[in-house]
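Trainee: Please find input27.txt (compact mmCIF, C-alpha atoms) on the next line:
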```
# COMPACT_ATOMS: atom_id res chain seq x y z
CA MET A 1 54.14 5.68 128.38
CA ALA A 2 53.40 6.20 132.07
CA GLU A 3 56.94 7.45 132.67
CA LYS A 4 56.69 9.95 129.79
CA LEU A 5 53.35 11.17 131.08
CA SER A 6 54.76 11.61 134.60
CA VAL A 7 57.61 13.75 133.22
CA VAL A 8 55.19 15.91 131.22
CA MET A 9 53.00 16.40 134.30
CA ALA A 10 56.05 17.14 136.47
CA ARG A 11 57.23 19.81 134.02
CA ARG A 12 53.80 21.41 134.00
CA HIS A 13 53.62 21.48 137.79
CA ILE A 14 57.18 22.79 138.10
CA ARG A 15 56.30 25.73 135.83
CA MET A 16 53.33 26.58 138.08
CA ALA A 17 55.24 26.20 141.37
CA ASN A 18 57.30 28.69 143.34
CA VAL A 19 59.01 25.97 145.39
CA ALA A 20 59.47 22.43 144.07
CA LEU A 21 59.82 19.44 146.37
CA LEU A 22 61.90 16.72 144.77
CA VAL A 23 60.72 13.59 146.58
CA LEU A 24 63.16 10.68 146.45
CA ASP A 25 62.30 7.18 147.55
CA ALA A 26 64.99 6.15 150.06
CA ASP A 27 64.27 2.50 149.34
CA GLU A 28 64.96 2.91 145.61
CA GLY A 29 67.73 5.44 145.94
CA ILE A 30 68.40 8.02 143.27
CA VAL A 31 67.14 7.04 139.83
CA ALA A 32 67.76 8.71 136.45
CA LEU A 33 64.24 10.15 136.32
CA ASP A 34 64.88 12.00 139.61
CA ALA A 35 67.91 13.71 138.10
CA THR A 36 65.91 14.62 134.98
CA ILE A 37 63.11 16.23 136.97
CA ALA A 38 65.63 18.00 139.23
CA GLY A 39 67.25 19.40 136.09
CA TYR A 40 63.91 20.76 134.88
CA ALA A 41 63.27 22.49 138.22
CA HIS A 42 66.77 23.99 138.15
CA GLU A 43 66.45 25.16 134.53
CA ASP A 44 63.08 26.76 135.28
CA GLY A 45 64.68 28.66 138.18
CA ARG A 46 62.51 27.16 140.89
CA ALA A 47 63.50 26.96 144.52
CA VAL A 48 64.03 23.27 145.33
CA ILE A 49 63.99 21.14 148.47
CA VAL A 50 65.12 17.53 148.22
CA VAL A 51 62.90 15.28 150.35
CA VAL A 52 64.11 11.74 151.05
CA ASN A 53 60.97 9.81 151.96
CA LYS A 54 60.62 6.32 153.52
CA TRP A 55 63.77 6.94 155.53
CA ASP A 56 62.42 4.80 158.39
CA LEU A 57 62.24 1.74 156.13
CA ASN A 58 65.60 2.43 154.60
CA GLU A 59 67.43 3.02 157.91
CA LYS A 60 67.33 -0.71 158.68
CA LYS A 61 68.69 -1.62 155.25
CA LEU A 62 71.33 1.09 155.43
CA LYS A 63 72.55 -0.16 158.80
CA GLU A 64 73.18 -3.53 157.19
CA LYS A 65 75.15 -1.79 154.44
CA ARG A 66 76.72 0.55 157.04
CA LYS A 67 75.40 3.69 155.33
CA THR A 68 74.49 6.80 157.28
CA ARG A 69 72.47 9.92 156.51
CA LYS A 70 75.72 11.69 155.85
CA GLN A 71 76.73 9.14 153.21
CA PHE A 72 73.26 9.25 151.62
CA THR A 73 73.48 13.07 151.59
CA GLU A 74 76.88 12.84 149.88
CA GLU A 75 75.36 10.55 147.22
CA ILE A 76 72.63 13.11 146.60
CA ALA A 77 75.22 15.89 146.39
CA ASP A 78 77.23 13.87 143.87
CA GLU A 79 74.19 13.11 141.72
CA PHE A 80 72.72 16.65 141.87
CA LYS A 81 75.92 18.72 141.68
CA PHE A 82 74.07 21.47 139.85
CA MET A 83 71.70 21.84 142.84
CA ASP A 84 74.17 22.30 145.67
CA TYR A 85 71.91 25.06 147.04
CA ALA A 86 68.97 22.72 147.75
CA PRO A 87 68.45 21.64 151.36
CA ILE A 88 67.92 17.92 152.01
CA VAL A 89 65.27 16.63 154.41
CA PHE A 90 64.79 13.03 155.57
CA THR A 91 61.17 12.10 156.24
CA SER A 92 58.81 9.25 156.85
CA ALA A 93 55.34 10.21 155.63
CA HIS A 94 53.87 6.98 157.00
CA GLU A 95 55.16 7.58 160.54
CA LYS A 96 54.83 11.39 160.19
CA LYS A 97 58.49 11.95 161.05
CA GLY A 98 60.50 14.84 159.68
CA THR A 99 57.55 16.51 157.99
CA LYS A 100 57.13 19.46 160.41
CA PRO A 101 60.42 21.20 159.52
CA LEU A 102 59.50 20.85 155.86
CA PHE A 103 56.91 23.64 156.01
CA GLY A 104 59.42 26.06 157.52
CA LEU A 105 61.91 25.17 154.79
CA ILE A 106 59.30 25.75 152.09
CA ARG A 107 58.55 29.20 153.50
CA GLU A 108 62.27 29.98 153.81
CA ALA A 109 63.03 28.84 150.25
CA TYR A 110 60.20 31.01 148.91
CA GLU A 111 61.42 34.04 150.87
CA GLU A 112 65.01 33.48 149.72
CA ALA A 113 63.89 33.18 146.09
CA SER A 114 61.91 36.42 146.51
CA LYS A 115 64.74 38.30 148.24
CA ARG A 116 65.82 41.57 146.67
CA ILE A 117 69.23 43.13 147.33
CA GLY A 118 69.73 46.85 146.73
CA THR A 119 72.19 48.03 144.09
CA SER A 120 74.22 50.04 146.61
CA GLU A 121 74.67 46.95 148.78
CA LEU A 122 75.63 44.89 145.71
CA ASN A 123 78.20 47.52 144.69
CA LYS A 124 79.79 47.28 148.15
CA PHE A 125 79.83 43.53 147.64
CA VAL A 126 81.59 43.92 144.25
CA GLU A 127 84.25 46.15 145.82
CA MET A 128 85.02 43.42 148.36
CA LEU A 129 85.33 40.71 145.69
CA LYS A 130 88.90 39.71 145.16
CA PHE A 131 89.73 37.25 142.46
CA ASP A 132 92.40 36.81 139.82
CA ARG A 133 90.54 36.98 136.55
CA ASP A 134 91.01 38.78 133.27
CA ILE A 135 87.66 40.49 133.73
CA LYS A 136 86.78 43.71 135.52
CA ILE A 137 83.38 43.94 137.22
CA TYR A 138 82.14 47.53 137.31
CA TYR A 139 78.88 46.96 139.15
CA LEU A 140 76.14 44.47 139.84
CA THR A 141 72.39 44.95 140.04
CA GLN A 142 69.48 42.62 140.70
CA ALA A 143 67.13 42.45 137.74
CA SER A 144 64.45 40.12 139.10
CA VAL A 145 63.40 37.58 141.72
CA ARG A 146 62.22 33.95 141.55
CA PRO A 147 64.93 33.12 140.63
CA PRO A 148 67.22 35.88 141.85
CA THR A 149 68.76 37.22 138.65
CA PHE A 150 71.72 39.58 138.69
CA VAL A 151 73.14 41.64 135.86
CA MET A 152 76.89 42.06 136.06
CA PHE A 153 78.38 44.94 134.08
CA THR A 154 81.92 44.12 132.99
CA ASP A 155 84.61 45.26 130.60
CA ASN A 156 84.14 42.12 128.46
CA ALA A 157 80.78 40.33 128.71
CA LYS A 158 81.35 37.87 125.89
CA HIS A 159 84.05 35.99 127.74
CA LEU A 160 82.49 35.40 131.16
CA HIS A 161 84.08 32.11 132.10
CA PHE A 162 81.99 29.48 133.91
CA SER A 163 84.38 29.53 136.87
CA THR A 164 83.99 33.30 137.24
CA GLU A 165 80.21 33.00 137.20
CA ARG A 166 80.37 30.16 139.73
CA PHE A 167 82.69 32.17 141.97
CA VAL A 168 80.35 35.19 141.98
CA ILE A 169 77.33 32.96 142.71
CA ASN A 170 79.15 31.28 145.61
CA GLN A 171 80.16 34.65 147.03
CA LEU A 172 76.58 35.95 146.70
CA ARG A 173 75.35 32.90 148.63
CA LYS A 174 78.00 33.37 151.27
CA ARG A 175 77.11 37.04 151.76
CA PHE A 176 73.34 37.13 151.21
CA GLY A 177 72.05 33.55 151.64
CA PHE A 178 69.68 32.48 148.86
CA LYS A 179 69.21 29.05 150.43
CA GLY A 180 67.21 26.65 148.28
CA THR A 181 67.11 28.77 145.15
CA PRO A 182 69.21 28.94 141.99
CA ILE A 183 70.93 32.22 141.14
CA GLU A 184 71.28 33.49 137.59
CA ILE A 185 74.06 35.82 136.46
CA LYS A 186 73.80 37.74 133.20
CA ALA A 187 76.87 39.59 132.03
CA LYS A 188 76.68 42.78 130.00
CA ARG A 189 79.36 44.98 128.65
CA ARG A 190 79.38 48.45 130.17
```
Is it possible to give me this structure as structure tokens?

Mentor:
Amino acid sequence: MAEKLSVVMARRHIRMANVALLVLDADEGIVALDATIAGYAHEDGRAVIVVVNKWDLNEKKLKEKRKTRKQFTEEIADEFKFMDYAPIVFTSAHEKKGTKPLFGLIREAYEEASKRIGTSELNKFVEMLKFDRDIKIYYLTQASVRPPTFVMFTDNAKHLHFSTERFVINQLRKRFGFKGTPIEIKAKRR
């Protein structure tokens, strides 16, 4: 019952938040409930920062297992593949280590989620896109922020393949940033 209540409360708080901090216990590692809550934040279009807490306690255990931050980061990336945009921070709340950069990241994630790109700049971006697909993109416009939502006008909106959408999102990130926030693409037929 307590676990169900915590999920309900987490969903409620995620809906009210602009930036969600997904706090993982380094001692426990990644548990199924963490992935569930991360999924809710992603689905709700919230900017997300993954915070690995109790890293000071876990560093000793990880040295015994010969695990590094890089390996722990790779585990997080494997578990949260759908949130590859989320920065990862290692902290120790008890020793007050790693918490200062967190506030800058929160501000940055909020600003990135609120970023608006002009249609003319997006059209220049579309002209530079080169990919071998059966779809023609006429133009792209940003419909809203938090999360950044783009409307892509194509010759055939019904058949926008997942890989095409993923490619456009990756190229948008490469060109414009959007660190810490999901990007939504909606395709419409011109």

Trainee: Give me the residues near range 70-82 of chain A as a ChimeraX atom specification, where near means some atom within 12 Å (using only C-alpha atoms) and where sequence neighbours in that chain fewer than 3 positions away do not count.

Mentor: /A:22-27,29-43,45,48-52,55,58-59,62-63,65-67,85-90,166,181-183

Trainee: Could you tell me, as a ChimeraX atom specification, which residues have any atom at most 12 Å from (67.3, 42.5, 133.9), counting only C-alpha atoms?

Mentor: /A:140-145,147-153,184-188

Trainee: Near Phe176 in chain A, within 9 Å and counting only C-alpha atoms, which residues show up once chain neighbours fewer than 4 positions away are dropped, as a list in words?

Mentor: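 Counting only the stated atoms, we get Ile117, Gln171 and Leu172 of chain A.
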
Trainee: Report, in Å to a single decimal, how far apart CA of Asp134 in chain A and CA of Thr154 in chain A are.

Mentor: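 Taking CA of Thr154 in chain A as the start and CA of Asp134 in chain A as the end point, the length is 10.5 Å.
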
Trainee: Which residue is closest to Lys174 in chain A? Choose from A:Arg189, A:Phe125, A:Met1, A:His161 and count all atoms listed in the file.

Mentor: A:Phe125

Trainee: For Ala47 in chain A, which residue out of A:Thr99, A:Asn18, A:Ser120, A:Asn170 is the nearest one, using all atoms listed in the file?

Mentor: A:Asn18

Trainee: Tell me, in Å to one decimal, how far CA of Ile137 in chain A is from CA of Asn156 in chain A.

Mentor: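 Going from CA of Ile137 in chain A over to CA of Asn156 in chain A covers 9.0 Å.
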
Trainee: State, in Å with one decimal place, the distance from CA of Arg146 in chain A to CA of Arg116 in chain A.

Mentor: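 These atoms are spaced 9.9 Å apart.
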
Trainee: Identify which of the residues A:Asp84, A:Lys124, A:Phe167, A:Val19 lies closest to Ala109 in chain A, counting only C-alpha atoms when measuring atom-to-atom distances.

Mentor: A:Val19

Trainee: Select, from A:Ala17, A:Asp155, A:Lys54, A:Ile135, the residue with the minimum atom-to-atom distance to Thr91 in chain A, counting all atoms listed in the file.

Mentor: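 The shortest atom-to-atom distance to Thr91 in chain A comes from A:Lys54.
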
Trainee: Closest to Gly180 in chain A among A:Thr68, A:Ser114, A:Ser92, A:Asn53, using all atoms listed in the file?

Mentor: A:Ser114

Trainee: Of the residues A:Asp44, A:Met16, A:Leu5, A:Tyr139, which is the one nearest to Gly118 in chain A, using only C-alpha atoms?

Mentor: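 With only C-alpha atoms as the atom set, the closest residue is A:Tyr139.
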